[in-house]
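As stored in protein05.cif (mmCIF, C-alpha atoms):
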```cif
data_run
#
loop_
_atom_site.label_atom_id
_atom_site.label_comp_id
_atom_site.auth_asym_id
_atom_site.auth_seq_id
_atom_site.Cartn_x
_atom_site.Cartn_y
_atom_site.Cartn_z
CA MET A 243 -1.89 -31.90 11.63
CA ILE A 244 -0.24 -32.18 15.06
CA LEU A 245 -1.14 -29.68 17.78
CA TRP A 246 0.75 -29.17 21.02
CA PHE A 247 -1.44 -28.24 23.99
CA MET A 248 0.39 -26.39 26.72
CA SER A 249 -0.48 -25.22 30.19
CA ILE A 250 -0.56 -21.45 30.60
CA ARG A 251 2.54 -20.13 32.30
CA GLN A 252 2.50 -17.05 34.50
CA THR A 253 5.07 -15.48 32.19
CA ASP A 254 2.58 -15.79 29.30
CA LEU A 255 -0.13 -14.10 31.34
CA ASP A 256 2.36 -11.37 32.24
CA ARG A 257 2.99 -10.79 28.52
CA ILE A 258 -0.75 -10.49 27.91
CA ARG A 259 -0.90 -8.00 30.76
CA THR A 260 1.50 -5.69 28.87
CA LEU A 261 -1.02 -5.28 26.04
CA PRO A 262 -2.84 -1.94 26.34
CA LEU A 263 -6.10 -3.85 25.93
CA PHE A 264 -5.57 -5.52 29.33
CA ALA A 265 -3.16 -3.17 31.09
CA ASP A 266 -5.70 -1.23 33.18
CA MET A 267 -7.86 -4.15 34.28
CA THR A 268 -7.96 -4.89 37.98
CA PRO A 269 -6.33 -8.21 38.97
CA SER A 270 -9.69 -9.81 39.75
CA VAL A 271 -11.22 -8.79 36.40
CA PHE A 272 -8.10 -9.95 34.57
CA ARG A 273 -8.38 -13.35 36.24
CA ASP A 274 -12.02 -13.54 35.17
CA ALA A 275 -11.19 -12.55 31.58
CA THR A 276 -8.43 -15.15 31.30
CA ALA A 277 -10.26 -17.94 33.12
CA GLY A 278 -10.58 -20.97 30.88
CA ALA A 279 -7.93 -19.68 28.48
CA PHE A 280 -5.58 -22.19 26.91
CA LEU A 281 -2.35 -22.09 24.97
CA GLN A 282 -1.67 -24.02 21.79
CA ARG A 283 1.41 -24.43 19.64
CA PHE A 284 0.70 -24.72 15.91
CA PRO A 285 3.07 -25.76 13.11
CA ALA A 286 3.60 -23.51 10.10
CA GLY A 287 0.81 -23.54 7.55
CA THR A 288 -1.95 -24.27 10.08
CA THR A 289 -5.33 -22.68 9.45
CA LEU A 290 -6.53 -21.29 12.78
CA LEU A 291 -9.95 -20.23 11.52
CA MET A 292 -11.78 -19.76 8.24
CA GLU A 293 -13.75 -16.71 7.19
CA GLY A 294 -17.40 -17.36 7.92
CA ASP A 295 -16.60 -19.50 10.97
CA PRO A 296 -18.30 -18.67 14.28
CA VAL A 297 -15.86 -17.03 16.69
CA ASP A 298 -15.67 -18.34 20.25
CA PHE A 299 -12.24 -17.05 21.23
CA LEU A 300 -10.02 -14.00 21.04
CA TYR A 301 -6.63 -15.06 19.70
CA VAL A 302 -3.41 -13.64 21.15
CA LEU A 303 -0.25 -14.38 19.20
CA LEU A 304 2.64 -14.94 21.63
CA ASP A 305 5.24 -16.36 19.28
CA GLY A 306 5.59 -16.86 15.53
CA ALA A 307 3.67 -15.14 12.72
CA VAL A 308 0.08 -15.24 11.45
CA GLU A 309 -1.36 -13.97 8.18
CA LEU A 310 -4.97 -12.81 7.91
CA GLN A 311 -6.56 -13.54 4.54
CA GLY A 312 -9.70 -12.90 2.57
CA SER A 313 -10.92 -14.85 -0.43
CA TRP A 314 -13.39 -14.59 -3.30
CA LYS A 315 -13.94 -17.39 -5.82
CA GLU A 316 -10.42 -18.60 -6.69
CA LYS A 317 -8.67 -15.47 -5.39
CA GLU A 318 -6.97 -14.95 -2.04
CA ALA A 319 -5.46 -11.79 -0.58
CA VAL A 320 -3.33 -11.19 2.49
CA LEU A 321 -4.92 -8.44 4.58
CA ALA A 322 -2.43 -8.29 7.43
CA VAL A 323 0.57 -10.10 8.89
CA LEU A 324 0.84 -10.24 12.68
CA ARG A 325 3.85 -10.60 14.92
CA PRO A 326 3.90 -11.04 18.72
CA VAL A 327 2.35 -9.81 20.86
CA SER A 328 -0.88 -9.24 18.90
CA THR A 329 -4.58 -9.91 19.29
CA PHE A 330 -6.86 -10.64 16.36
CA ILE A 331 -10.58 -10.96 15.53
CA LEU A 332 -11.53 -8.69 18.45
CA ALA A 333 -14.43 -7.15 16.47
CA ALA A 334 -15.96 -10.56 15.71
CA VAL A 335 -15.64 -11.54 19.37
CA MET A 336 -17.38 -8.39 20.59
CA LEU A 337 -20.21 -8.72 18.03
CA GLU A 338 -20.52 -12.52 18.33
CA ALA A 339 -20.31 -12.43 14.53
CA PRO A 340 -18.69 -14.79 11.99
CA ALA A 341 -15.06 -14.15 11.13
CA LEU A 342 -14.55 -11.98 8.05
CA MET A 343 -10.98 -13.24 7.62
CA SER A 344 -9.13 -16.51 7.69
CA ALA A 345 -6.03 -16.84 9.87
CA ARG A 346 -3.05 -19.07 9.06
CA THR A 347 0.35 -19.48 10.69
CA LEU A 348 3.37 -18.54 8.59
CA GLU A 349 5.75 -20.28 10.97
CA ARG A 350 5.51 -22.31 14.14
CA SER A 351 3.42 -20.20 16.47
CA GLU A 352 2.14 -20.10 20.03
CA VAL A 353 -1.40 -18.74 20.34
CA LEU A 354 -3.30 -18.03 23.53
CA MET A 355 -7.08 -18.35 23.16
CA LEU A 356 -9.34 -16.37 25.50
CA SER A 357 -13.03 -17.08 25.94
CA GLY A 358 -15.17 -14.64 23.97
CA GLU A 359 -17.99 -15.01 26.48
CA ALA A 360 -15.68 -14.09 29.38
CA LEU A 361 -14.35 -11.06 27.49
CA ARG A 362 -17.82 -9.77 26.68
CA ARG A 363 -18.85 -10.21 30.32
CA THR A 364 -15.83 -8.35 31.67
CA THR A 365 -16.29 -5.60 29.09
CA ARG A 366 -19.72 -4.90 30.57
CA GLN A 367 -18.41 -5.06 34.12
CA ASP A 368 -15.20 -3.03 33.84
CA PRO A 369 -15.47 0.46 32.29
CA ALA A 370 -11.69 0.75 31.90
CA PHE A 371 -11.57 -2.48 29.91
CA GLY A 372 -14.61 -1.43 27.87
CA PHE A 373 -12.88 1.84 26.95
CA ALA A 374 -9.68 -0.06 26.04
CA VAL A 375 -11.74 -2.24 23.68
CA VAL A 376 -13.23 0.87 22.07
CA GLN A 377 -9.76 2.37 21.60
CA GLU A 378 -8.33 -0.81 20.09
CA LEU A 379 -11.23 -1.20 17.67
CA ALA A 380 -10.92 2.48 16.71
CA GLY A 381 -7.22 1.94 16.01
CA CYS A 382 -8.04 -1.07 13.82
CA TYR A 383 -10.65 0.96 11.91
CA ARG A 384 -8.17 3.76 11.22
CA GLY A 385 -5.62 1.21 10.07
CA VAL A 386 -8.12 -0.16 7.55
CA VAL A 387 -8.84 3.38 6.28
CA ARG A 388 -5.11 3.95 5.80
CA MET A 389 -4.78 0.71 3.82
CA VAL A 390 -7.77 1.51 1.59
CA LYS A 391 -6.41 4.99 0.87
CA ALA A 392 -2.97 3.63 0.01
CA HIS A 393 -4.40 1.03 -2.37
CA LYS A 394 -6.82 3.40 -4.09
CA LEU A 395 -4.65 6.52 -4.31
CA ARG A 396 -1.17 5.15 -5.00
CA GLY A 397 0.42 3.19 -7.79
CA CYS A 398 2.37 -0.02 -7.23
CA LEU A 399 5.76 1.70 -7.12
CA GLU A 400 4.60 4.21 -4.50
CA ARG A 401 3.11 1.46 -2.34
CA VAL A 402 6.34 -0.52 -2.35
CA ALA A 403 8.43 2.59 -1.66
CA ASN A 404 6.27 3.52 1.32
CA TYR A 405 6.38 -0.03 2.63
CA LEU A 406 10.19 0.05 2.56
CA LEU A 407 10.23 3.39 4.39
CA ALA A 408 7.81 2.03 7.00
CA GLN A 409 10.02 -1.01 7.61
CA SER A 410 13.08 1.23 7.80
CA ALA A 411 11.39 3.27 10.54
CA ARG A 412 10.20 0.18 12.44
CA GLN A 413 13.58 -1.54 12.26
CA GLY A 414 15.44 1.66 13.15
CA ASP A 415 17.89 1.58 10.23
CA PRO A 416 17.68 4.15 7.39
CA HIS A 417 19.90 2.13 5.06
CA HIS A 418 19.23 -1.56 5.66
CA ILE A 419 16.10 -3.62 6.29
CA VAL A 420 15.17 -7.28 6.34
CA LEU A 421 11.81 -8.26 4.91
CA PRO A 422 9.84 -9.83 7.77
CA TYR A 423 8.14 -12.38 5.48
CA GLY A 424 8.35 -13.80 1.99
CA LYS A 425 7.78 -11.83 -1.19
CA ARG A 426 4.63 -13.81 -2.05
CA VAL A 427 3.04 -12.60 1.16
CA LEU A 428 4.38 -9.06 0.67
CA ALA A 429 3.00 -8.83 -2.86
CA SER A 430 -0.46 -9.90 -1.74
CA LEU A 431 -0.34 -7.53 1.24
CA LEU A 432 0.41 -4.62 -1.12
CA GLY A 433 -2.31 -5.63 -3.57
CA MET A 434 0.09 -6.81 -6.28
CA THR A 435 1.11 -9.95 -8.09
CA PRO A 436 4.58 -11.38 -7.37
CA GLU A 437 5.57 -10.43 -10.93
CA ASN A 438 4.52 -6.81 -10.38
CA LEU A 439 6.46 -6.73 -7.12
CA SER A 440 9.60 -7.96 -8.88
CA ARG A 441 9.20 -5.27 -11.54
CA ALA A 442 8.70 -2.64 -8.86
CA PHE A 443 11.91 -3.66 -7.10
CA ALA A 444 13.75 -3.48 -10.43
CA GLN A 445 12.43 0.04 -11.05
CA LEU A 446 13.36 1.13 -7.53
CA ALA A 447 17.01 0.41 -8.32
CA ASP A 448 17.07 3.91 -9.82
CA TYR A 449 16.26 5.21 -6.31
CA GLY A 450 19.05 3.29 -4.60
CA VAL A 451 17.10 0.16 -3.63
CA GLN A 452 19.28 -2.95 -3.79
CA VAL A 453 17.57 -6.30 -3.19
CA ARG A 454 19.47 -9.40 -2.09
CA GLY A 455 16.93 -12.03 -1.09
CA PRO A 456 15.15 -10.84 2.06
CA GLU A 457 17.78 -8.14 2.70
CA ILE A 458 17.32 -4.72 1.16
CA HIS A 459 19.85 -1.90 1.12
CA LEU A 460 18.57 1.66 0.78
CA ALA A 461 21.50 3.57 -0.69
CA ARG A 462 19.52 6.78 -1.29
CA PRO A 463 16.76 7.04 1.33
CA ARG A 464 16.08 10.71 0.52
CA ALA A 465 15.47 9.87 -3.14
CA LEU A 466 13.16 7.02 -2.11
CA GLU A 467 11.26 9.36 0.19
CA ARG A 468 10.80 11.91 -2.60
CA LEU A 469 9.22 9.17 -4.71
CA ALA A 470 7.07 7.77 -1.91
CA ARG A 471 5.90 11.12 -0.49
CA PRO A 472 4.71 9.58 2.80
CA SER A 473 1.74 11.28 4.41
CA PRO A 474 0.67 11.10 8.07
CA LEU A 475 -2.91 10.83 6.78
CA ILE A 476 -2.08 7.56 5.02
CA ASP A 477 1.09 6.18 6.56
CA ASN A 478 2.04 5.40 10.12
CA HIS A 479 5.78 4.83 10.21
CA VAL A 480 6.07 3.95 13.90
CA LYS A 481 9.38 2.72 15.23
CA ALA A 482 9.12 -0.53 17.14
CA GLY A 483 9.32 -0.05 20.90
CA PRO A 484 10.14 -2.26 23.88
CA LEU A 485 6.47 -3.03 24.60
CA PRO A 486 3.42 -3.79 22.45
CA ILE A 487 1.33 -0.66 21.99
CA GLY A 488 -1.68 -2.01 20.10
CA ARG A 489 -3.46 -0.45 17.17
CA ALA A 490 -4.76 2.41 19.29
CA GLY A 491 -1.20 3.23 20.35
CA THR A 492 0.16 3.31 16.82
CA GLU A 493 -2.59 5.73 15.84
CA SER A 494 -1.63 8.11 18.65
CA LEU A 495 1.93 8.46 17.35
CA THR A 496 3.05 10.58 14.42
CA THR A 497 5.40 9.85 11.54
CA THR A 498 7.81 12.50 12.82
CA PRO A 499 11.35 11.02 13.03
CA GLY A 500 12.52 10.76 16.62
CA ALA A 501 9.03 10.81 18.13
CA PRO A 502 9.18 9.61 21.76
CA PRO A 503 8.20 6.00 22.42
CA PRO A 504 4.79 5.35 23.95
CA PRO A 505 4.65 5.13 27.75
CA ALA A 506 4.59 1.73 29.37
CA PRO A 507 1.12 0.47 30.33
CA SER A 508 0.03 0.98 33.93
CA GLY A 509 1.97 -1.14 36.38
CA VAL A 510 4.48 -2.34 33.75
CA SER A 511 8.08 -1.22 33.54
CA ALA A 512 9.67 -0.94 30.13
CA ALA A 513 12.52 -3.31 29.31
CA PRO A 514 15.14 -3.11 26.55
CA ARG A 515 14.13 -4.77 23.30
CA THR A 516 16.05 -7.94 22.53
CA ALA A 517 16.70 -9.42 19.12
#
```
The structure given in the file should be rewritten as structure tokens.
Amino acid sequence: MILWFMSIRQTDLDRIRTLPLFADMTPSVFRDATAGAFLQRFPAGTTLLMEGDPVDFLYVLLDGAVELQGSWKEKEAVLAVLRPVSTFILAAVMLEAPALMSARTLERSEVLMLSGEALRRTTRQDPAFGFAVVQELAGCYRGVVRMVKAHKLRGCLERVANYLLAQSARQGDPHHIVLPYGKRVLASLLGMTPENLSRAFAQLADYGVQVRGPEIHLARPRALERLARPSPLIDNHVKAGPLPIGRAGTESLTTTPGAPPPPAPSGVSAAPRTA
């Protein structure tokens, strides 16, 4: 495995600064929290950490895609798929506990690694940062509750239908979406086998769902919504905005169509989203 070590650019630190987790830190505390940080570029298929490993760093995904996995005996399951800009394993860092998930790159990725010791120290020193950590962890907890409810209370067809509606909201197109990752990953994320996912897509043809590789056309979104019956107590269909809002931010928004975008973090001006 070949790793590319890169110096940290100011533009990368500026991107980290847009995360709600770091937005309200004073410049001096932010410098302390990011002291000793380093940036690495990983090829696709690289295991960043294994469940059970000690955690010394908070990972911040700046480019690419990372899947978080759990395993038991010969089974593996995808628990989440992350896109930039995202942090992961914050809970393990704060508790100085072993990782409960493995992390693996799905494509070539740039990951910034921040010292766990420095983050714990600045959390104790800076009340604003400590509260931001609490909010982010609370958002992650609510996201896990949503996932558990969806898996326990819905059948396969309903889970797929709601996933398509969520992607439609995030991509801002009621009739056309592009799957952000492969169907193997999607099936595992939804708690299904690839065969069950294929059958579900075939059944959803009656509701206007047309699948052509990674592209999906939703000819009858109202019919799909009647099947899915999305609920704000399970789903969080948040449209993607120009800035990362973190898990706490997604929990503060509703599933109401046309809900206003979240405000920009303190000291950061919003910029148009680019493809």
- Message: Taking the file as I've supplied it (selection: the PyMOL selection byres ((chain A and resi 376) around 12)), which residues are included? Please answer as a ChimeraX atom specification.
- Response: /A:262-263,332-333,336,365,369-375,377-383,489-490
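Applied to the file shown here, the PyMOL selection byres ((chain A and resi 283) around 6) selects A:Trp246, A:Gln282, A:Phe284, A:Ser351, A:Glu352.
Here the question is which of A:Arg273, A:Arg350, A:Arg325, A:Arg384 gets nearest to A:Glu309 using only C-alpha atoms, and that residue is A:Arg325.
Excluding A:Ala461 and any residue on its chain fewer than 3 positions from it, the residues at most 8 Å away by only C-alpha atoms are His417, Tyr449, Gly450, Val451 and Gln452 of chain A.
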- When the PyMOL selection byres ((chain A and resi 400-407) around 7) is applied to the file above, which residues end up in the set, as a ChimeraX atom specification? /A:392,396-399,408-411,432,466,469-470,472
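Using all atoms listed in the file, the shortest contact distance between A:Pro285 and any of A:Thr253, A:Leu348, A:Glu457, A:Lys315 is found at A:Leu348.
Closest approach to A:Leu324 among A:Ala360, A:Ala279, A:Leu431, A:Leu303 is made by A:Leu303 (distances from all atoms listed in the file).
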- Determine, counting all atoms listed in the file, which protein, DNA and RNA residues have an atom within 10 Å of an atom of A:Lys391; residues of the same chain fewer than 5 positions away are not included. Present the result as a list in words. Gly385, Val386, Arg396, Leu475, Ile476 and Asp477 of chain A
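For the atom pair formed by atom CA of A:Leu310 and atom CA of A:Phe330, the distance is 8.9 Å, given to one decimal.
Nearest residue to A:Ala322, choosing from A:Ala444, A:Ala465, A:Leu421, A:Val308 and counting all atoms listed in the file: A:Val308.
Picture a line from atom CA of A:Pro340 to atom CA of A:Leu291; it runs 10.3 Å.
Distances here use all atoms listed in the file; by that measure, the residue among A:Thr289, A:Thr260, A:Thr347, A:Gln311 closest to A:Val327 is A:Thr260.
Restricting the calculation to all atoms listed in the file, the smallest distance between A:Asp415 and any of A:Val427, A:Pro296, A:Pro474, A:Pro463 is found for A:Pro463.
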- Item | Shell around A:Leu354 at 6 Å using all atoms listed in the file, local window under 4 positions removed, as a ChimeraX atom specification | /A:280-281,301-302
- Item | Distance of atom CA of A:Ala307 from atom CA of A:Leu290, expressed in Å to one decimal place | 11.9 Å
Please define a box with edges along x, y and z of the file around all atoms of stretch 433-443 of chain A given in the file, extend it by 8 Å on each side, and return its centre and edge lengths in Å to one decimal, as lines of an AutoDock Vina configuration file.
```
center_x = 4.8
center_y = -7.0
center_z = -7.6
size_x = 30.2
size_y = 24.7
size_z = 24.0
```
